[in-house]
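**Student:** Pasting entry.txt here (compact mmCIF, C-alpha atoms (C1' of nucleotides)):
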```
# COMPACT_ATOMS: atom_id res chain seq x y z
CA MET U 1 -21.66 7.26 26.41
CA ALA U 2 -24.69 9.17 25.53
CA GLY U 3 -23.36 12.21 27.34
CA SER U 4 -21.42 13.52 24.39
CA PRO U 5 -22.80 16.95 23.54
CA SER U 6 -21.01 18.20 20.46
CA THR U 7 -19.22 15.09 19.29
CA GLY U 8 -22.21 12.76 19.19
CA ARG U 9 -21.52 9.81 16.87
CA TYR U 10 -18.25 11.41 15.92
CA GLU U 11 -16.56 9.80 18.90
CA LYS U 12 -16.98 6.44 17.21
CA ILE U 13 -15.51 7.82 14.02
CA TYR U 14 -12.54 9.35 15.77
CA ALA U 15 -11.91 6.06 17.57
CA VAL U 16 -11.67 4.22 14.27
CA ILE U 17 -9.34 6.74 12.69
CA ARG U 18 -7.04 6.58 15.68
CA LYS U 19 -6.69 2.86 14.98
CA ILE U 20 -5.17 3.52 11.58
CA PRO U 21 -1.48 2.50 11.70
CA ARG U 22 1.27 4.76 10.42
CA GLY U 23 2.17 4.33 6.78
CA LYS U 24 -1.39 3.34 5.92
CA VAL U 25 -4.46 5.22 4.80
CA GLY U 26 -8.17 4.60 5.20
CA THR U 27 -11.11 5.69 3.12
CA TYR U 28 -14.14 7.55 4.45
CA GLY U 29 -16.33 4.58 3.62
CA GLN U 30 -14.00 2.24 5.48
CA VAL U 31 -13.99 4.41 8.57
CA ALA U 32 -17.75 4.83 8.41
CA LEU U 33 -18.15 1.09 8.09
CA LEU U 34 -15.96 0.34 11.11
CA ALA U 35 -17.64 3.17 12.98
CA GLY U 36 -20.95 1.37 12.59
CA ILE U 37 -22.47 3.77 10.06
CA PRO U 38 -21.95 2.19 6.61
CA GLY U 39 -23.04 4.47 3.83
CA ALA U 40 -22.44 7.57 5.88
CA ALA U 41 -19.03 8.24 4.42
CA ARG U 42 -20.03 11.88 4.08
CA GLN U 43 -20.48 12.23 7.80
CA VAL U 44 -16.97 10.89 8.33
CA GLY U 45 -15.60 13.77 6.32
CA TYR U 46 -17.91 16.12 8.14
CA ALA U 47 -16.64 14.80 11.46
CA LEU U 48 -13.06 15.45 10.42
CA HIS U 49 -14.07 18.96 9.50
CA ALA U 50 -14.90 19.53 13.15
CA LEU U 51 -11.57 18.09 14.27
CA PRO U 52 -9.22 20.48 16.10
CA GLY U 53 -5.57 20.86 15.13
CA ASP U 54 -4.62 19.70 18.60
CA GLY U 55 -6.58 16.47 18.32
CA ASP U 56 -4.89 13.09 18.53
CA VAL U 57 -6.77 11.91 15.48
CA PRO U 58 -4.63 11.25 12.39
CA TRP U 59 -7.18 12.83 10.07
CA HIS U 60 -4.50 13.09 7.39
CA ARG U 61 -4.62 9.29 7.07
CA VAL U 62 -8.21 9.50 5.90
CA ILE U 63 -8.79 9.97 2.17
CA ASN U 64 -11.58 9.27 -0.29
CA ALA U 65 -12.17 5.96 -2.08
CA GLN U 66 -10.36 7.32 -5.12
CA GLY U 67 -7.10 7.41 -3.17
CA LYS U 68 -6.99 11.15 -3.53
CA ILE U 69 -7.24 14.07 -1.15
CA SER U 70 -10.58 15.75 -1.29
CA PRO U 71 -10.61 19.41 -2.41
CA ARG U 72 -12.23 20.69 0.78
CA THR U 73 -13.68 24.16 0.83
CA GLY U 74 -12.12 27.36 2.11
CA SER U 75 -8.90 25.81 3.41
CA ASP U 76 -5.43 24.93 2.20
CA HIS U 77 -5.15 22.05 4.64
CA ASP U 78 -5.42 19.69 1.69
CA VAL U 79 -1.79 20.47 0.95
CA GLU U 80 -0.78 19.81 4.53
CA GLN U 81 -2.37 16.39 4.36
CA ARG U 82 -0.23 15.35 1.41
CA ILE U 83 2.90 16.50 3.21
CA LEU U 84 1.94 14.54 6.31
CA LEU U 85 1.22 11.40 4.31
CA GLU U 86 4.54 11.59 2.49
CA SER U 87 6.15 11.99 5.89
CA GLU U 88 4.52 8.71 6.89
CA GLY U 89 6.16 6.96 3.95
CA ILE U 90 3.16 7.02 1.66
CA ILE U 91 3.80 7.84 -1.98
CA PHE U 92 1.62 9.68 -4.47
CA ASP U 93 0.93 8.92 -8.10
CA GLN U 94 1.85 11.38 -10.79
CA ARG U 95 -1.78 12.51 -10.72
CA GLY U 96 -1.64 13.03 -6.93
CA ARG U 97 -3.31 9.72 -6.22
CA ILE U 98 -2.33 6.97 -3.77
CA PRO U 99 -2.21 3.25 -4.77
CA LEU U 100 -4.81 1.98 -2.31
CA ASP U 101 -3.86 -1.53 -3.36
CA THR U 102 -0.68 -0.98 -1.37
CA PHE U 103 -1.44 1.69 1.20
CA GLN U 104 -5.06 1.12 2.08
CA TRP U 105 -5.36 0.15 5.74
CA ASP U 106 -6.58 -3.35 6.34
CA PRO U 107 -8.14 -3.74 9.83
CA LEU U 108 -7.98 -7.51 9.48
CA ARG U 109 -4.22 -7.52 9.08
CA ARG U 110 -3.91 -5.04 11.95
CA SER U 111 -0.13 -4.88 11.52
CA SER U 112 0.88 -7.43 8.97
CA ARG U 113 0.89 -9.88 11.88
CA ARG U 114 1.08 -13.39 10.38
CA THR U 115 -1.56 -14.63 8.03
CA PRO U 116 -5.14 -14.51 9.27
CA GLY U 117 -5.77 -17.93 7.90
C1' DG Q 1 -40.13 18.60 12.90
C1' DC Q 2 -38.52 20.48 8.32
C1' DA Q 3 -35.06 22.06 5.21
C1' DA Q 4 -30.27 22.75 3.88
C1' DT Q 5 -25.43 21.46 4.09
C1' DG Q 6 -21.32 18.39 3.32
C1' DA Q 7 -13.09 16.60 3.81
C1' DC Q 8 -18.14 10.92 -0.07
C1' DG Q 9 -19.28 6.28 -2.82
C1' DC Q 10 -20.80 3.86 -6.58
C1' DT Q 11 -22.00 3.03 -11.50
C1' DC Q 12 -21.76 4.02 -16.34
C1' DT Q 13 -19.18 5.66 -20.42
C1' DC I 1 -7.46 4.13 -15.66
C1' DA I 2 -10.07 8.59 -15.95
C1' DG I 3 -14.16 11.62 -15.99
C1' DA I 4 -19.06 12.84 -15.04
C1' DG I 5 -23.67 12.31 -12.68
C1' DC I 6 -26.84 10.69 -9.04
C1' DG I 7 -27.78 8.96 -4.31
C1' DC I 8 -26.97 8.13 0.64
C1' DC I 9 -27.00 9.42 5.49
C1' DA I 10 -26.04 12.17 9.76
C1' DT I 11 -25.50 16.81 11.80
C1' DT I 12 -26.87 21.56 12.21
C1' DG I 13 -30.05 25.81 12.20
```
Just dump the structure as structure tokens.
**Tutor:**
Amino acid sequence: MAGSPSTGRYEKIYAVIRKIPRGKVGTYGQVALLAGIPGAARQVGYALHALPGDGDVPWHRVINAQGKISPRTGSDHDVEQRILLESEGIIFDQRGRIPLDTFQWDPLRRSSRRTPG
DNA sequence: GCAATGACGCTCT
DNA sequence: CAGAGCGCCATTG
């Protein structure tokens, strides 16, 4: 627990992202909320920035609330993300946006398992 | 402890 | 729906 040197609160963020099912996408705010730090959507993005390419965290499933890929600085990984998402079965709008109404991850549904009631 | 940075979110037009 | 501006919070130096 508190013995995480570099990661810090990021561990909680990574844990939430890893829970995102394939074919779905989550927003920074959503991840931050589930991570226990609502309002700190920026830190979620910052945490992903520190993610290694060998990590088991599906960072490509994390996008902004606008359903678009953020134009991060000094990297072309933004293109890679779109390719990965399309590979997951997610489609993009003509403007490069994703219909969150259909692809946004819903932690309550967990896997479209029956109706929550 | 203070100041600066950052893969964002929300509201208004 | 799309575009622009301000605010929020956590991490780092």
**Student:** Which residues of chain U come within 9 Å of chain I, and what is each one's closest atom pair and distance in Å (one decimal), counting only C-alpha atoms (C1' of nucleotides), sorted by chain and residue number, as a tab-separated table?
**Tutor:**
```
residue	atom	partner	partner_atom	distance
U:Arg9	CA	I:DA10	C1'	8.7
U:Ile37	CA	I:DC9	C1'	8.6
U:Pro38	CA	I:DC9	C1'	8.9
U:Gly39	CA	I:DC8	C1'	6.2
U:Ala40	CA	I:DC9	C1'	4.9
U:Ala41	CA	I:DC9	C1'	8.1
U:Arg42	CA	I:DC9	C1'	7.5
U:Gln43	CA	I:DA10	C1'	5.9
U:Tyr46	CA	I:DT11	C1'	8.5
```
**Student:** Quick one, how far is atom CA of Ser70 of chain U from atom CA of Arg18 of chain U?
**Tutor:**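 Between atom CA of Ser70 of chain U and atom CA of Arg18 of chain U the gap is 19.6 Å.
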**Student:** Kindly assemble as a tab-separated table a list of the chain Q residues that lie within 10 Å of chain U, each paired with its nearest atom pair and their distance in Å to one decimal, using only C-alpha atoms (C1' of nucleotides), sorted first by chain and then by ascending residue number.
**Tutor:**
```
residue	atom	partner	partner_atom	distance
Q:DG6	C1'	U:Tyr46	CA	6.3
Q:DA7	C1'	U:Gly45	CA	4.5
Q:DC8	C1'	U:Arg42	CA	4.7
Q:DG9	C1'	U:Ala65	CA	7.2
Q:DC10	C1'	U:Ala65	CA	10.0
```
**Student:** Counting only C-alpha atoms (C1' of nucleotides), what is within 10 Å of Pro21 of chain U, bar same-chain residues fewer than 2 positions away, as a ChimeraX atom specification?
**Tutor:** /U:17-19,23-26,58,61,88,105-107,110-111
**Student:** Could the centre and edge lengths of an axis-aligned box, enclosing all atoms of chain Q in the file with 3 Å extra on each side, be given in Å to one decimal as JSON?
**Tutor:**
```
{"center_x": -26.6, "center_y": 12.9, "center_z": -3.8, "size_x": 33.0, "size_y": 25.7, "size_z": 39.3}
```
**Student:** One decimal, in Å: what's the spacing between atom CA of Lys12 of chain U and atom CA of Leu33 of chain U?
**Tutor:**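 Separation between atom CA of Lys12 of chain U and atom CA of Leu33 of chain U: 10.6 Å.
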**Student:** Using all atoms listed in the file, find the one residue out of U:Leu108, U:Gly36, U:Gly74, U:Ile98 that sits nearest to Glu86 of chain U.
**Tutor:**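 Under the stated criterion, the closest residue is U:Ile98.
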**Student:** How about completing segment 23-41 of chain U with N, CA, C and O atoms and giving it to me as a JSON list (two decimals), in the coordinates of the input?
**Tutor:**
```json
[["chain", "number", "residue", "atom", "x", "y", "z"],
["U", 23, "GLY", "N", 1.79, 4.87, 8.07],
["U", 23, "GLY", "CA", 2.17, 4.33, 6.78],
["U", 23, "GLY", "C", 1.00, 3.74, 6.02],
["U", 23, "GLY", "O", 1.15, 3.16, 4.95],
["U", 24, "LYS", "N", -0.18, 3.87, 6.59],
["U", 24, "LYS", "CA", -1.39, 3.34, 5.92],
["U", 24, "LYS", "C", -2.45, 4.43, 5.83],
["U", 24, "LYS", "O", -2.40, 5.41, 6.56],
["U", 25, "VAL", "N", -3.39, 4.24, 4.93],
["U", 25, "VAL", "CA", -4.46, 5.22, 4.80],
["U", 25, "VAL", "C", -5.81, 4.52, 4.74],
["U", 25, "VAL", "O", -5.92, 3.39, 4.28],
["U", 26, "GLY", "N", -6.83, 5.19, 5.22],
["U", 26, "GLY", "CA", -8.17, 4.60, 5.20],
["U", 26, "GLY", "C", -9.13, 5.50, 4.44],
["U", 26, "GLY", "O", -8.95, 6.70, 4.40],
["U", 27, "THR", "N", -10.13, 4.90, 3.87],
["U", 27, "THR", "CA", -11.11, 5.69, 3.12],
["U", 27, "THR", "C", -12.28, 6.07, 4.03],
["U", 27, "THR", "O", -12.53, 5.43, 5.04],
["U", 28, "TYR", "N", -13.00, 7.08, 3.66],
["U", 28, "TYR", "CA", -14.14, 7.55, 4.45],
["U", 28, "TYR", "C", -15.14, 6.40, 4.62],
["U", 28, "TYR", "O", -15.67, 6.18, 5.71],
["U", 29, "GLY", "N", -15.38, 5.69, 3.55],
["U", 29, "GLY", "CA", -16.33, 4.58, 3.62],
["U", 29, "GLY", "C", -15.84, 3.51, 4.59],
["U", 29, "GLY", "O", -16.63, 2.91, 5.32],
["U", 30, "GLN", "N", -14.55, 3.26, 4.59],
["U", 30, "GLN", "CA", -14.00, 2.24, 5.48],
["U", 30, "GLN", "C", -14.17, 2.67, 6.93],
["U", 30, "GLN", "O", -14.61, 1.89, 7.78],
["U", 31, "VAL", "N", -13.84, 3.89, 7.21],
["U", 31, "VAL", "CA", -13.99, 4.41, 8.57],
["U", 31, "VAL", "C", -15.46, 4.37, 8.99],
["U", 31, "VAL", "O", -15.80, 3.93, 10.08],
["U", 32, "ALA", "N", -16.32, 4.82, 8.10],
["U", 32, "ALA", "CA", -17.75, 4.83, 8.41],
["U", 32, "ALA", "C", -18.23, 3.40, 8.70],
["U", 32, "ALA", "O", -19.02, 3.18, 9.61],
["U", 33, "LEU", "N", -17.73, 2.47, 7.91],
["U", 33, "LEU", "CA", -18.15, 1.09, 8.09],
["U", 33, "LEU", "C", -17.74, 0.57, 9.46],
["U", 33, "LEU", "O", -18.54, 0.00, 10.19],
["U", 34, "LEU", "N", -16.47, 0.79, 9.82],
["U", 34, "LEU", "CA", -15.96, 0.34, 11.11],
["U", 34, "LEU", "C", -16.61, 1.12, 12.25],
["U", 34, "LEU", "O", -16.72, 0.64, 13.37],
["U", 35, "ALA", "N", -17.02, 2.32, 11.95],
["U", 35, "ALA", "CA", -17.64, 3.17, 12.98],
["U", 35, "ALA", "C", -19.08, 2.72, 13.25],
["U", 35, "ALA", "O", -19.70, 3.15, 14.21],
["U", 36, "GLY", "N", -19.58, 1.86, 12.37],
["U", 36, "GLY", "CA", -20.95, 1.37, 12.59],
["U", 36, "GLY", "C", -21.97, 2.16, 11.80],
["U", 36, "GLY", "O", -23.16, 2.05, 12.05],
["U", 37, "ILE", "N", -21.52, 2.98, 10.86],
["U", 37, "ILE", "CA", -22.47, 3.77, 10.06],
["U", 37, "ILE", "C", -22.15, 3.65, 8.57],
["U", 37, "ILE", "O", -21.83, 4.63, 7.91],
["U", 38, "PRO", "N", -22.24, 2.42, 8.03],
["U", 38, "PRO", "CA", -21.95, 2.19, 6.61],
["U", 38, "PRO", "C", -22.84, 3.03, 5.71],
["U", 38, "PRO", "O", -24.04, 3.09, 5.92],
["U", 39, "GLY", "N", -22.25, 3.64, 4.73],
["U", 39, "GLY", "CA", -23.04, 4.47, 3.83],
["U", 39, "GLY", "C", -22.96, 5.93, 4.21],
["U", 39, "GLY", "O", -23.30, 6.80, 3.43],
["U", 40, "ALA", "N", -22.51, 6.18, 5.43],
["U", 40, "ALA", "CA", -22.44, 7.57, 5.88],
["U", 40, "ALA", "C", -21.03, 8.12, 5.74],
["U", 40, "ALA", "O", -20.55, 8.89, 6.58],
["U", 41, "ALA", "N", -20.40, 7.77, 4.65],
["U", 41, "ALA", "CA", -19.03, 8.24, 4.42],
["U", 41, "ALA", "C", -18.97, 9.77, 4.50],
["U", 41, "ALA", "O", -17.98, 10.34, 4.93]]
```
